[in-house]
Structures are given as structure tokens and as C-alpha cells.
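Enquirer: The following file, final.txt, comprises compact mmCIF, C-alpha atoms:
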```txt
# COMPACT_ATOMS: atom_id res chain seq x y z
CA MET A 11 117.60 155.41 77.17
CA PRO A 12 114.68 154.00 75.20
CA ASP A 13 112.26 151.68 76.86
CA ALA A 14 113.82 148.27 76.32
CA ASP A 15 112.16 146.06 78.87
CA ALA A 16 112.36 142.35 78.41
CA THR A 17 108.71 141.65 77.67
CA PRO A 18 108.07 140.60 74.08
CA PRO A 19 105.10 142.09 72.25
CA ALA A 20 102.12 139.78 72.50
CA ALA A 21 99.61 139.60 69.69
CA ALA A 22 95.97 139.35 70.78
CA PRO A 23 96.38 137.30 73.99
CA ARG A 24 95.25 133.70 73.54
CA ARG A 25 95.29 131.82 76.79
CA GLY A 26 94.88 128.07 76.83
CA ARG A 27 96.86 125.62 78.95
CA PRO A 28 97.35 126.67 82.54
CA GLY A 29 100.95 127.87 83.03
CA TYR A 30 101.50 128.55 79.34
CA ASP A 31 100.54 131.79 77.67
CA GLN A 32 101.64 132.94 74.24
CA GLN A 33 104.60 134.79 75.74
CA THR A 34 105.94 131.71 77.51
CA VAL A 35 105.56 129.66 74.35
CA LEU A 36 107.40 132.40 72.43
CA ASN A 37 110.29 132.57 74.92
CA MET A 38 110.70 128.80 74.87
CA ALA A 39 110.42 128.60 71.08
CA VAL A 40 113.17 131.23 70.67
CA ASP A 41 115.47 129.12 72.85
CA VAL A 42 114.82 126.03 70.73
CA PHE A 43 115.34 128.01 67.49
CA ASN A 44 118.66 129.31 68.82
CA ARG A 45 119.78 125.84 69.90
CA HIS A 46 118.93 123.95 66.72
CA GLY A 47 118.51 126.65 64.09
CA TYR A 48 115.13 127.84 62.82
CA GLU A 49 115.18 125.64 59.73
CA ALA A 50 116.08 122.49 61.63
CA THR A 51 113.27 123.08 64.15
CA SER A 52 110.03 121.39 63.09
CA MET A 53 106.74 121.92 64.93
CA GLY A 54 107.30 118.37 66.23
CA ILE A 55 110.71 119.22 67.75
CA LEU A 56 109.21 122.42 69.15
CA ALA A 57 106.31 120.55 70.78
CA GLU A 58 108.69 117.99 72.27
CA ASN A 59 110.95 120.68 73.75
CA LEU A 60 108.02 122.66 75.10
CA GLY A 61 106.34 119.60 76.57
CA LEU A 62 103.19 120.44 74.63
CA SER A 63 101.24 118.74 71.88
CA LYS A 64 101.41 120.31 68.43
CA SER A 65 97.74 121.24 68.70
CA ALA A 66 98.43 123.04 72.01
CA ILE A 67 101.04 125.17 70.21
CA TYR A 68 98.62 125.86 67.35
CA HIS A 69 96.22 127.12 70.02
CA HIS A 70 98.75 129.90 70.78
CA VAL A 71 100.04 130.69 67.29
CA PRO A 72 98.94 129.65 63.80
CA SER A 73 102.41 128.53 62.66
CA LYS A 74 106.13 128.25 63.34
CA GLY A 75 106.57 131.29 61.11
CA ASP A 76 104.34 133.38 63.40
CA LEU A 77 106.55 132.55 66.37
CA LEU A 78 109.55 133.66 64.33
CA ARG A 79 107.83 136.89 63.27
CA LEU A 80 106.78 137.81 66.82
CA ALA A 81 110.30 137.11 68.10
CA LEU A 82 112.00 139.15 65.37
CA ASP A 83 109.56 142.04 65.88
CA HIS A 84 110.55 142.13 69.55
CA ALA A 85 114.24 142.41 68.64
CA LEU A 86 113.74 144.95 65.86
CA ASP A 87 111.20 147.13 67.72
CA GLY A 88 113.75 147.50 70.52
CA LEU A 89 116.58 148.45 68.17
CA GLU A 90 114.46 150.91 66.20
CA ALA A 91 113.27 152.60 69.42
CA VAL A 92 116.90 153.53 70.13
CA LEU A 93 117.17 155.44 66.85
CA ASP A 94 113.77 157.05 67.34
CA ASP A 95 114.77 158.47 70.74
CA PRO A 96 115.32 162.26 70.54
CA GLN A 97 118.88 161.80 71.92
CA ALA A 98 119.75 159.98 68.71
CA SER A 99 118.99 163.05 66.63
CA THR A 100 120.03 166.08 68.69
CA GLY A 101 123.50 167.31 69.62
CA ALA A 102 126.98 166.49 68.36
CA ALA A 103 127.21 163.47 66.05
CA ASP A 104 129.80 161.86 68.30
CA ALA A 105 127.50 161.97 71.34
CA ARG A 106 124.55 160.77 69.24
CA LEU A 107 126.64 157.84 67.96
CA GLU A 108 127.67 156.90 71.49
CA PHE A 109 124.03 157.13 72.65
CA VAL A 110 122.93 154.80 69.84
CA LEU A 111 125.71 152.28 70.48
CA ARG A 112 124.94 152.21 74.22
CA GLY A 113 121.22 151.85 73.48
CA THR A 114 121.94 149.02 71.03
CA ILE A 115 124.05 147.21 73.64
CA GLU A 116 121.23 147.67 76.17
CA VAL A 117 118.66 146.14 73.82
CA LEU A 118 121.03 143.26 73.05
CA THR A 119 121.56 142.43 76.70
CA GLN A 120 117.89 142.81 77.65
CA ARG A 121 116.45 140.95 74.65
CA LEU A 122 119.43 138.67 74.14
CA PRO A 123 117.77 135.48 72.78
CA PHE A 124 115.60 137.54 70.43
CA VAL A 125 118.51 139.51 68.97
CA THR A 126 120.56 136.28 68.78
CA LEU A 127 117.80 134.81 66.60
CA LEU A 128 117.80 137.95 64.43
CA LEU A 129 121.56 137.87 63.95
CA ARG A 130 121.58 134.20 62.95
CA LEU A 131 118.90 134.48 60.26
CA ARG A 132 119.79 132.92 56.95
CA GLY A 133 117.15 134.66 54.85
CA ASN A 134 115.64 131.49 53.40
CA THR A 135 112.00 132.51 54.07
CA GLU A 136 109.92 135.65 53.46
CA ILE A 137 109.64 136.42 57.20
CA GLU A 138 113.42 136.23 57.54
CA ARG A 139 113.97 138.44 54.50
CA ASN A 140 111.56 141.09 55.85
CA ALA A 141 113.43 141.14 59.15
CA LEU A 142 116.77 141.39 57.36
CA THR A 143 115.45 144.39 55.42
CA ARG A 144 114.54 146.13 58.69
CA ARG A 145 117.95 145.21 60.14
CA ARG A 146 119.70 146.69 57.08
CA GLU A 147 117.66 149.88 57.42
CA PHE A 148 118.77 150.14 61.07
CA ASP A 149 122.39 149.58 60.01
CA HIS A 150 122.10 152.33 57.35
CA ARG A 151 120.82 154.83 59.89
CA VAL A 152 123.75 154.08 62.19
CA ALA A 153 126.14 154.32 59.21
CA ASP A 154 124.76 157.83 58.58
CA LEU A 155 125.66 158.73 62.18
CA VAL A 156 129.20 157.38 61.69
CA ASP A 157 129.45 159.52 58.55
CA ALA A 158 128.32 162.57 60.48
CA ALA A 159 130.86 161.93 63.26
CA ARG A 160 133.64 161.62 60.66
CA ARG A 161 132.61 164.87 58.95
CA GLU A 162 132.52 166.53 62.37
CA GLY A 163 136.12 165.37 62.90
CA SER A 164 135.53 163.26 66.01
CA VAL A 165 135.87 159.86 64.33
CA ARG A 166 139.07 158.92 62.45
CA ARG A 167 139.05 158.99 58.66
CA ASP A 168 141.78 156.45 57.91
CA ILE A 169 139.21 153.64 58.18
CA ASP A 170 136.50 153.89 55.53
CA PRO A 171 133.00 154.60 56.90
CA ARG A 172 131.51 151.29 55.72
CA THR A 173 134.24 149.29 57.44
CA THR A 174 133.97 151.46 60.57
CA THR A 175 130.25 150.74 60.83
CA ARG A 176 130.74 147.02 60.22
CA LEU A 177 133.46 146.73 62.86
CA LEU A 178 131.29 148.64 65.37
CA PHE A 179 128.35 146.31 64.79
CA GLY A 180 130.68 143.31 64.68
CA THR A 181 132.04 144.12 68.11
CA ILE A 182 128.63 144.85 69.62
CA ASN A 183 126.73 141.97 68.01
CA SER A 184 129.37 139.45 69.05
CA ILE A 185 128.23 139.77 72.67
CA VAL A 186 125.28 137.48 71.91
CA GLU A 187 127.86 134.68 71.60
CA TRP A 188 129.13 134.93 75.18
CA TYR A 189 127.34 137.52 77.35
CA ARG A 190 125.13 136.09 80.09
CA PRO A 191 122.70 138.55 81.74
CA GLY A 192 122.83 138.18 85.52
CA GLY A 193 126.46 137.00 85.35
CA PRO A 194 129.52 138.73 86.85
CA LEU A 195 129.60 141.54 84.25
CA PRO A 196 126.69 144.02 84.62
CA ALA A 197 125.22 145.26 81.33
CA ASP A 198 126.16 148.90 81.94
CA LYS A 199 129.77 147.92 82.69
CA LEU A 200 129.82 145.87 79.45
CA ALA A 201 128.58 148.95 77.58
CA ASP A 202 131.33 151.08 79.18
CA ASN A 203 133.96 148.49 78.18
CA ILE A 204 132.82 148.34 74.57
CA ILE A 205 132.57 152.14 74.23
CA THR A 206 136.08 152.46 75.72
CA MET A 207 137.62 149.88 73.38
CA VAL A 208 136.02 151.04 70.15
CA PHE A 209 136.51 154.78 70.73
CA ASP A 210 139.73 154.96 72.80
CA GLY A 211 141.41 151.60 72.08
CA LEU A 212 143.02 149.00 74.32
CA HIS A 213 146.50 150.52 74.26
CA THR A 214 147.44 152.46 77.37
CA ARG A 215 149.25 154.99 75.17
CA GLY A 216 145.89 155.79 73.55
CA THR A 217 144.58 157.24 76.81
CA SER A 218 147.73 158.59 78.39
CA GLY A 219 148.03 161.13 75.58
CA SER A 220 144.49 162.49 75.79
CA MET B 20 153.01 134.85 59.01
CA PRO B 21 152.10 131.18 59.14
CA ASP B 22 151.32 129.34 55.97
CA ALA B 23 147.60 129.84 55.56
CA ASP B 24 146.92 128.96 51.95
CA ALA B 25 143.39 128.23 50.91
CA THR B 26 143.75 124.50 50.24
CA PRO B 27 141.98 122.29 52.76
CA PRO B 28 143.77 119.18 54.02
CA ALA B 29 142.80 116.15 51.96
CA ALA B 30 142.65 112.73 53.54
CA ALA B 31 143.89 109.86 51.36
CA PRO B 32 142.83 111.05 47.91
CA ARG B 33 139.84 109.13 46.60
CA ARG B 34 139.00 110.08 43.07
CA GLY B 35 135.71 109.10 41.53
CA ARG B 36 133.58 111.23 39.25
CA PRO B 37 135.46 113.28 36.71
CA GLY B 38 135.60 116.90 37.85
CA TYR B 39 134.95 116.07 41.50
CA ASP B 40 137.68 115.19 43.95
CA GLN B 41 137.30 115.05 47.73
CA GLN B 42 138.44 118.65 48.03
CA THR B 43 135.78 119.97 45.66
CA VAL B 44 133.11 117.96 47.47
CA LEU B 45 134.39 119.37 50.78
CA ASN B 46 134.33 123.00 49.54
CA MET B 47 130.80 122.59 48.21
CA ALA B 48 129.59 120.81 51.34
CA VAL B 49 130.91 123.62 53.55
CA ASP B 50 128.91 126.14 51.51
CA VAL B 51 125.74 124.10 51.93
CA PHE B 52 126.36 123.66 55.68
CA ASN B 53 126.84 127.43 56.04
CA ARG B 54 123.69 128.17 54.06
CA HIS B 55 121.32 125.77 55.80
CA GLY B 56 123.10 124.86 59.04
CA TYR B 57 124.89 121.55 59.60
CA GLU B 58 121.98 119.94 61.42
CA ALA B 59 119.44 120.91 58.80
CA THR B 60 121.62 119.51 55.99
CA SER B 61 120.88 115.85 55.28
CA MET B 62 122.98 113.75 52.90
CA GLY B 63 120.01 114.05 50.51
CA ILE B 64 120.09 117.88 50.57
CA LEU B 65 123.87 117.74 50.17
CA ALA B 66 123.64 115.41 47.16
CA GLU B 67 121.00 117.64 45.55
CA ASN B 68 123.11 120.79 46.03
CA LEU B 69 126.26 119.09 44.77
CA GLY B 70 124.50 117.58 41.77
CA LEU B 71 125.72 114.13 42.84
CA SER B 72 124.02 110.96 43.96
CA LYS B 73 124.36 110.05 47.63
CA SER B 74 126.49 107.05 46.66
CA ALA B 75 128.86 109.33 44.73
CA ILE B 76 129.34 111.38 47.92
CA TYR B 77 129.90 108.21 49.94
CA HIS B 78 132.64 107.37 47.42
CA HIS B 79 134.52 110.47 48.63
CA VAL B 80 133.76 110.39 52.36
CA PRO B 81 132.16 107.80 54.65
CA SER B 82 129.64 110.23 56.21
CA LYS B 83 128.37 113.79 56.61
CA GLY B 84 130.30 113.89 59.89
CA ASP B 85 133.58 113.24 58.08
CA LEU B 86 132.98 116.23 55.83
CA LEU B 87 132.39 118.32 58.94
CA ARG B 88 135.51 117.00 60.64
CA LEU B 89 137.76 117.65 57.62
CA ALA B 90 136.35 121.18 57.29
CA LEU B 91 136.81 122.01 60.97
CA ASP B 92 140.35 120.60 60.96
CA HIS B 93 141.20 122.97 58.11
CA ALA B 94 139.96 125.97 60.11
CA LEU B 95 141.58 124.92 63.39
CA ASP B 96 144.91 123.82 61.90
CA GLY B 97 145.25 127.29 60.37
CA LEU B 98 144.45 129.07 63.64
CA GLU B 99 146.77 126.87 65.71
CA ALA B 100 149.63 127.42 63.23
CA VAL B 101 149.50 131.15 64.08
CA LEU B 102 150.12 130.45 67.77
CA ASP B 103 152.83 127.90 66.96
CA ASP B 104 154.79 130.43 64.89
CA PRO B 105 157.95 131.61 66.74
CA GLN B 106 156.77 135.24 66.42
CA ALA B 107 153.89 134.38 68.77
CA SER B 108 156.28 133.46 71.56
CA THR B 109 159.25 135.82 71.29
CA GLY B 110 159.51 139.54 72.05
CA ALA B 111 157.23 141.99 73.82
CA ALA B 112 153.77 140.67 74.68
CA ASP B 113 152.14 143.60 72.88
CA ALA B 114 153.91 142.76 69.60
CA ARG B 115 153.17 139.04 70.04
CA LEU B 116 149.49 139.83 70.61
CA GLU B 117 149.36 141.99 67.48
CA PHE B 118 151.10 139.24 65.47
CA VAL B 119 148.54 136.67 66.64
CA LEU B 120 145.56 138.93 65.93
CA ARG B 121 146.87 139.72 62.42
CA GLY B 122 147.54 136.01 61.81
CA THR B 123 144.05 135.13 63.00
CA ILE B 124 142.51 137.71 60.66
CA GLU B 125 144.62 136.28 57.80
CA VAL B 126 143.38 132.74 58.45
CA LEU B 127 139.80 134.00 58.69
CA THR B 128 139.98 135.77 55.34
CA GLN B 129 141.82 132.92 53.57
CA ARG B 130 139.72 130.08 54.98
CA LEU B 131 136.54 132.10 55.41
CA PRO B 132 133.83 129.44 54.81
CA PHE B 133 135.70 126.95 57.02
CA VAL B 134 136.06 129.36 59.94
CA THR B 135 132.43 130.48 59.44
CA LEU B 136 131.37 126.85 59.90
CA LEU B 137 133.53 126.59 63.04
CA LEU B 138 132.08 129.76 64.55
CA ARG B 139 128.49 128.64 63.96
CA LEU B 140 128.82 125.23 65.60
CA ARG B 141 126.16 124.39 68.14
CA GLY B 142 127.97 121.51 69.85
CA ASN B 143 125.18 118.98 69.38
CA THR B 144 127.49 116.19 68.11
CA GLU B 145 130.81 114.68 69.25
CA ILE B 146 132.70 116.09 66.25
CA GLU B 147 131.37 119.56 67.02
CA ARG B 148 132.27 119.29 70.70
CA ASN B 149 135.84 118.18 69.87
CA ALA B 150 136.25 121.18 67.58
CA LEU B 151 134.84 123.51 70.24
CA THR B 152 137.38 122.15 72.73
CA ARG B 153 140.21 122.99 70.32
CA ARG B 154 138.70 126.43 69.74
CA ARG B 155 138.52 127.08 73.49
CA GLU B 156 142.16 126.02 73.87
CA PHE B 157 143.11 128.51 71.13
CA ASP B 158 141.10 131.22 72.92
CA HIS B 159 142.85 130.45 76.22
CA ARG B 160 146.28 130.80 74.66
CA VAL B 161 145.33 134.21 73.25
CA ALA B 162 143.87 135.19 76.64
CA ASP B 163 147.28 134.40 78.18
CA LEU B 164 148.86 136.81 75.69
CA VAL B 165 146.34 139.51 76.63
CA ASP B 166 147.24 138.93 80.29
CA ALA B 167 150.94 139.27 79.50
CA ALA B 168 150.35 142.52 77.60
CA ARG B 169 148.39 143.91 80.57
CA ARG B 170 151.12 142.96 83.03
CA GLU B 171 153.66 144.56 80.69
CA GLY B 172 151.59 147.76 80.87
CA SER B 173 150.83 148.07 77.16
CA VAL B 174 147.17 147.04 77.36
CA ARG B 175 144.71 148.97 79.57
CA ARG B 176 143.65 147.44 82.88
CA ASP B 177 140.26 149.10 83.32
CA ILE B 178 138.66 146.36 81.18
CA ASP B 179 138.98 142.91 82.75
CA PRO B 180 141.18 140.47 80.79
CA ARG B 181 138.37 138.02 80.03
CA THR B 182 136.17 140.76 78.57
CA THR B 183 139.13 142.19 76.66
CA THR B 184 139.80 138.82 75.02
CA ARG B 185 136.14 138.29 74.21
CA LEU B 186 135.77 141.73 72.64
CA LEU B 187 138.93 141.16 70.56
CA PHE B 188 137.64 137.84 69.24
CA GLY B 189 134.17 139.30 68.84
CA THR B 190 135.46 142.05 66.60
CA ILE B 191 137.69 139.73 64.56
CA ASN B 192 135.26 136.83 64.24
CA SER B 193 132.45 139.12 63.12
CA ILE B 194 134.18 139.61 59.78
CA VAL B 195 132.88 136.20 58.63
CA GLU B 196 129.45 137.85 58.55
CA TRP B 197 130.32 140.47 55.94
CA TYR B 198 133.86 140.25 54.56
CA ARG B 199 134.13 139.06 50.97
CA PRO B 200 137.63 138.04 49.78
CA GLY B 201 138.39 139.58 46.42
CA GLY B 202 136.09 142.55 47.16
CA PRO B 203 137.09 146.22 47.46
CA LEU B 204 138.81 145.81 50.86
CA PRO B 205 142.09 143.83 50.68
CA ALA B 206 142.69 141.44 53.59
CA ASP B 207 145.82 143.25 54.79
CA LYS B 208 143.97 146.60 54.84
CA LEU B 209 141.16 144.94 56.83
CA ALA B 210 143.76 143.68 59.32
CA ASP B 211 145.25 147.20 59.61
CA ASN B 212 141.77 148.66 60.22
CA ILE B 213 140.93 146.15 62.95
CA ILE B 214 144.29 146.53 64.69
CA THR B 215 143.89 150.34 64.58
CA MET B 216 140.37 150.29 66.03
CA VAL B 217 140.97 147.78 68.82
CA PHE B 218 144.32 149.19 69.96
CA ASP B 219 144.03 152.92 69.21
CA GLY B 220 140.28 153.48 68.99
CA LEU B 221 138.08 155.31 66.52
CA HIS B 222 138.28 158.69 68.21
CA THR B 223 140.63 161.15 66.56
CA ARG B 224 141.70 162.35 70.02
CA GLY B 225 143.08 158.85 70.65
CA THR B 226 145.73 159.31 67.97
CA SER B 227 146.43 163.03 68.13
CA GLY B 228 147.68 162.63 71.68
CA SER B 229 150.12 159.78 71.05
```
Would it be possible to restate this file's structure as C-alpha cells?
Expert:
Amino acid sequence: MPDADATPPAAAPRRGRPGYDQQTVLNMAVDVFNRHGYEATSMGILAENLGLSKSAIYHHVPSKGDLLRLALDHALDGLEAVLDDPQASTGAADARLEFVLRGTIEVLTQRLPFVTLLLRLRGNTEIERNALTRRREFDHRVADLVDAARREGSVRRDIDPRTTTRLLFGTINSIVEWYRPGGPLPADKLADNIITMVFDGLHTRGTSGS
Amino acid sequence: MPDADATPPAAAPRRGRPGYDQQTVLNMAVDVFNRHGYEATSMGILAENLGLSKSAIYHHVPSKGDLLRLALDHALDGLEAVLDDPQASTGAADARLEFVLRGTIEVLTQRLPFVTLLLRLRGNTEIERNALTRRREFDHRVADLVDAARREGSVRRDIDPRTTTRLLFGTINSIVEWYRPGGPLPADKLADNIITMVFDGLHTRGTSGS
């Protein structure tokens, strides 16, 4: 598994107020963005929610856009690390695909608010569009793996590869809407459940015959 | 299949500007809400996007909230009609579950912008919270069907029922993020693909053994 710890990447550390470093401000900002939407969140709303003055926030980051960029980098760096892991490029396509899906689920659960923000982007600013380009590139690389698994004969061909990839991501990405880390369902059990459903199906007859 | 045509419910028809009736205003408003987020959309932004004055919009509906309520009713009425169809309550649980999932997919594809709006609600207003309550009730009724199919032995028991239901909705609801009605993938083919993946799985071994 790639390193997917929950610590966001900090730019040059800028410490100011006691109890608040850039990372704390970033974590809190991501929560506010997810609650109200990035566009609807002004620096004023952000300051109010963080219990800071606007100038205290500007001490940590130059702009609202920089908070967004740092947050999206944290999500995308994690996802890209999964594909860059040697296990994503050696062995049977089917096993590589499963490795990448499990790794993606792990990043989602460990960096949940950051990936949530990424998935809800509307693409109305340059920073958002850049992140969406990286996300599309990630999707294309996974689609190539799906293609390889189909050619290998391990993944069914009666669903077209584009739809297969979209349904896989749809299923996985939807966990940001309901999964709560630290709740009753451990992340590795969630990954097992998703891998079971998408590859073997929910019907009991699907497994009894194998 | 329930009647799920694409015409939203109109309140008492109030005609004003030539070329704009309440329905047209509603369709356009839903697109703007989906593009910018409901909270970020002021009546001013709405008027600008619709090419109308604010007072012309007020001629059609008393407030932004009423547009939201009408739009959410259209999405929820369609979904609830699926569960109220006799085919959702007679026969084997497995067949009833498949009927409901197919019906849900049909409503999603036919009322796509309306369901998109519903799925993106943040619950920050009373109208949003009422809609979320109806959505949860719908989810619970489908969860009961999943339970029945498990008890019947047709749906696997090694994934807990709550997670099963969430993954099913996750997969289905994710189509609002990418599916385009009128594109290369017909809605009934999409439904077939989803039903195949969630029940039989993507692995070829899942089907060869049945």
C-alpha cells in the first residue's frame, strides 16, 4: 500500500497564533468548504468559522485559493501515489486493478474531507480546473488498467470499458457521502465489501458457482 | 415502470413573459443551482442567468426557496412512485429489489438535473431538511427490501445490510456525475449494466459459474 497518512502537505511552515498552524487552518477550512461549498465560502465566513480574524488567516495563507490548492494537492498526491506504486504496474492486470481500487479506497478513507472537496469541485476557477485535469489523468490511468483486465479475460466484456470505469469510480467515490472513519465499519472491511460487490456481485448465485 | 416523464410538477400556472412559463424558469433555475450551488445562487445571479429581471422571476414564484421546493418535489415524487408501484411489493424480494433499482435508475436519467440537486443538498435550510427526510425515508424502504432479499437467501450475507444498501445507492446515484441523456449509452442499457455489476460482478468467473 502507498503511504497515505492523514497529514496534509504543508507549504513553508508559517506559525503565528498559538494553537493554530497552517495545517490546522487548512483542516478547518476544508470542513467549511465542504459544508457550504467553496464558492459560497468567503474569507469572512471562513474567519468566523475558524474563530480567527481575516488578517490572522492571511498570516497563514495568501488567499482562499491557496487553501483550496493545498487541500486538493493533498487529495491528488495521495491518489497518484497509488498508481505510482510498483504493485500497480507489475503482475496480472486483474490483481493490479484490485490493488489500485483498494489503494484508492484507502486514500479516500484516510483523506476523506480532502477527497470530498475534490469530488465536489465545479470547475469555476483555474485552481479547480487544474485539479480536475489531474483527476481526469488519474481516471484515464485506471481506465487503461480496466482495459488490460478485459483484454486478459478477467473482467467481463458485456459492459463497455468506459462505463465499467465510471461505475467503479462511482461506487468507490460515493463513500465520501456516508463513510465515517472511526465508526463501526473499519476501512479495510469497507474495501473488502466494495471489492466483493464490484467483482463478484451481491447475488449468492454469483459466488456459489465459482 | 412508474410514470417518470420529464415534466416537472407545476403549481398553479402563472404566465407572464412570453416564452417563459413557471416550468421553464424552474428548469433554468435548477441548472444554475447545480452549477453554482443553491447557497451561492442569489436571486440576482438567477435573474442574470435567466435573462430576466428579479421582478419577472417573482412573477413566477414567490422566492428562491419555492423554486428549490418545486424542483425537489419533482425528484422525490418520481422516486417515491417507484416504491408505490405494485411491482415493488409483490413477488420475490430479489425481483422486487431489482424492479426498484431499475425504476430508480430510470427516474435518475429522466429527471437528472432535479435528482442531482437533491443529491447535492447540504441541509442548511428547512426546505432542504424536509427533502432530506423524504430521501432518508425512501432509502429506508429500499433497505427493507435488501433485508428481505438477504433473508430470502438471494443476496449475500457477508456484507452487512446497511453497507449493501449504501453501496447500491452509491453506485446508482453516482450516475448524476457523468451520465448524459441522449448520449451514446441509452438509459435502459445503463440500467442493465448497473444491475449486472452490482448483482453478478465484473469478474468473468462470476458469470461462467452460474
Enquirer: Show me, as JSON lines, the residues of chain A having an atom within 7 Å of chain B, each with the closest atom pair and its distance in Å, using only C-alpha atoms.
Expert:
```
{"residue": "A:Arg45", "atom": "CA", "partner": "B:Arg141", "partner_atom": "CA", "distance": 6.8}
{"residue": "A:Glu49", "atom": "CA", "partner": "B:Ala59", "partner_atom": "CA", "distance": 6.4}
{"residue": "A:Ala50", "atom": "CA", "partner": "B:Ala59", "partner_atom": "CA", "distance": 4.7}
{"residue": "A:Arg132", "atom": "CA", "partner": "B:Arg54", "partner_atom": "CA", "distance": 6.8}
{"residue": "A:Ser164", "atom": "CA", "partner": "B:Thr223", "partner_atom": "CA", "distance": 5.5}
{"residue": "A:Val165", "atom": "CA", "partner": "B:His222", "partner_atom": "CA", "distance": 4.7}
{"residue": "A:Arg166", "atom": "CA", "partner": "B:Thr223", "partner_atom": "CA", "distance": 4.9}
{"residue": "A:Ile169", "atom": "CA", "partner": "B:Asn212", "partner_atom": "CA", "distance": 6.0}
{"residue": "A:Leu177", "atom": "CA", "partner": "B:Thr190", "partner_atom": "CA", "distance": 6.3}
{"residue": "A:Gly180", "atom": "CA", "partner": "B:Ser193", "partner_atom": "CA", "distance": 4.8}
{"residue": "A:Thr181", "atom": "CA", "partner": "B:Thr190", "partner_atom": "CA", "distance": 4.3}
{"residue": "A:Ser184", "atom": "CA", "partner": "B:Gly189", "partner_atom": "CA", "distance": 4.8}
{"residue": "A:Asn203", "atom": "CA", "partner": "B:Ile178", "partner_atom": "CA", "distance": 6.0}
{"residue": "A:Met207", "atom": "CA", "partner": "B:Val217", "partner_atom": "CA", "distance": 6.0}
{"residue": "A:Val208", "atom": "CA", "partner": "B:Gly220", "partner_atom": "CA", "distance": 5.0}
{"residue": "A:Phe209", "atom": "CA", "partner": "B:Gly220", "partner_atom": "CA", "distance": 4.4}
{"residue": "A:Asp210", "atom": "CA", "partner": "B:Gly220", "partner_atom": "CA", "distance": 4.1}
{"residue": "A:Gly211", "atom": "CA", "partner": "B:Gly220", "partner_atom": "CA", "distance": 3.8}
{"residue": "A:Leu212", "atom": "CA", "partner": "B:Phe218", "partner_atom": "CA", "distance": 4.6}
{"residue": "A:His213", "atom": "CA", "partner": "B:Val174", "partner_atom": "CA", "distance": 4.7}
{"residue": "A:Thr214", "atom": "CA", "partner": "B:Arg175", "partner_atom": "CA", "distance": 4.9}
{"residue": "A:Arg215", "atom": "CA", "partner": "B:Ser229", "partner_atom": "CA", "distance": 6.4}
{"residue": "A:Gly216", "atom": "CA", "partner": "B:Gly225", "partner_atom": "CA", "distance": 5.1}
{"residue": "A:Thr217", "atom": "CA", "partner": "B:Gly225", "partner_atom": "CA", "distance": 6.5}
{"residue": "A:Gly219", "atom": "CA", "partner": "B:Gly228", "partner_atom": "CA", "distance": 4.2}
{"residue": "A:Ser220", "atom": "CA", "partner": "B:Gly228", "partner_atom": "CA", "distance": 5.2}
```
Enquirer: So what do you get for atom CA of Val35 of chain A versus atom CA of Lys64 of chain A, distance-wise?
Expert: 11.8 Å
Enquirer: Show me, as a ChimeraX atom specification, the residues that have an atom within 8 Å of Leu98 of chain B when counting all atoms listed in the file, minus same-chain residues fewer than 3 positions from it.
Expert: /B:94-95,101-102,122-123,126,157
Enquirer: Grab all the atoms of segment 146-163 of chain A that the file lists, wrap them in a box along x, y and z, add 8 Å per side, and give me centre plus edge lengths in Å (one decimal) as AutoDock Vina command-line options.
Expert:
```
--center_x 126.9 --center_y 156.6 --center_z 60.2 --size_x 34.5 --size_y 35.8 --size_z 22.2
```
Enquirer: Dump as an mmCIF file with C-alpha atoms, in the frame of the given file all residues having an atom at most 12 Å from (113.4, 127.9, 74.5), computed in the file's coordinates with only C-alpha atoms.
Expert:
```cif
data_model
loop_
_atom_site.group_PDB
_atom_site.id
_atom_site.type_symbol
_atom_site.label_atom_id
_atom_site.label_comp_id
_atom_site.auth_asym_id
_atom_site.auth_seq_id
_atom_site.Cartn_x
_atom_site.Cartn_y
_atom_site.Cartn_z
ATOM 1 C CA GLN A 33 104.600 134.790 75.740
ATOM 2 C CA THR A 34 105.940 131.710 77.510
ATOM 3 C CA VAL A 35 105.560 129.660 74.350
ATOM 4 C CA LEU A 36 107.400 132.400 72.430
ATOM 5 C CA ASN A 37 110.290 132.570 74.920
ATOM 6 C CA MET A 38 110.700 128.800 74.870
ATOM 7 C CA ALA A 39 110.420 128.600 71.080
ATOM 8 C CA VAL A 40 113.170 131.230 70.670
ATOM 9 C CA ASP A 41 115.470 129.120 72.850
ATOM 10 C CA VAL A 42 114.820 126.030 70.730
ATOM 11 C CA PHE A 43 115.340 128.010 67.490
ATOM 12 C CA ASN A 44 118.660 129.310 68.820
ATOM 13 C CA ARG A 45 119.780 125.840 69.900
ATOM 14 C CA HIS A 46 118.930 123.950 66.720
ATOM 15 C CA GLY A 47 118.510 126.650 64.090
ATOM 16 C CA TYR A 48 115.130 127.840 62.820
ATOM 17 C CA THR A 51 113.270 123.080 64.150
ATOM 18 C CA ILE A 55 110.710 119.220 67.750
ATOM 19 C CA LEU A 56 109.210 122.420 69.150
ATOM 20 C CA ALA A 57 106.310 120.550 70.780
ATOM 21 C CA GLU A 58 108.690 117.990 72.270
ATOM 22 C CA ASN A 59 110.950 120.680 73.750
ATOM 23 C CA LEU A 60 108.020 122.660 75.100
ATOM 24 C CA GLY A 61 106.340 119.600 76.570
ATOM 25 C CA LEU A 77 106.550 132.550 66.370
ATOM 26 C CA ALA A 81 110.300 137.110 68.100
ATOM 27 C CA PRO A 123 117.770 135.480 72.780
ATOM 28 C CA PHE A 124 115.600 137.540 70.430
ATOM 29 C CA LEU A 127 117.800 134.810 66.600
#
```
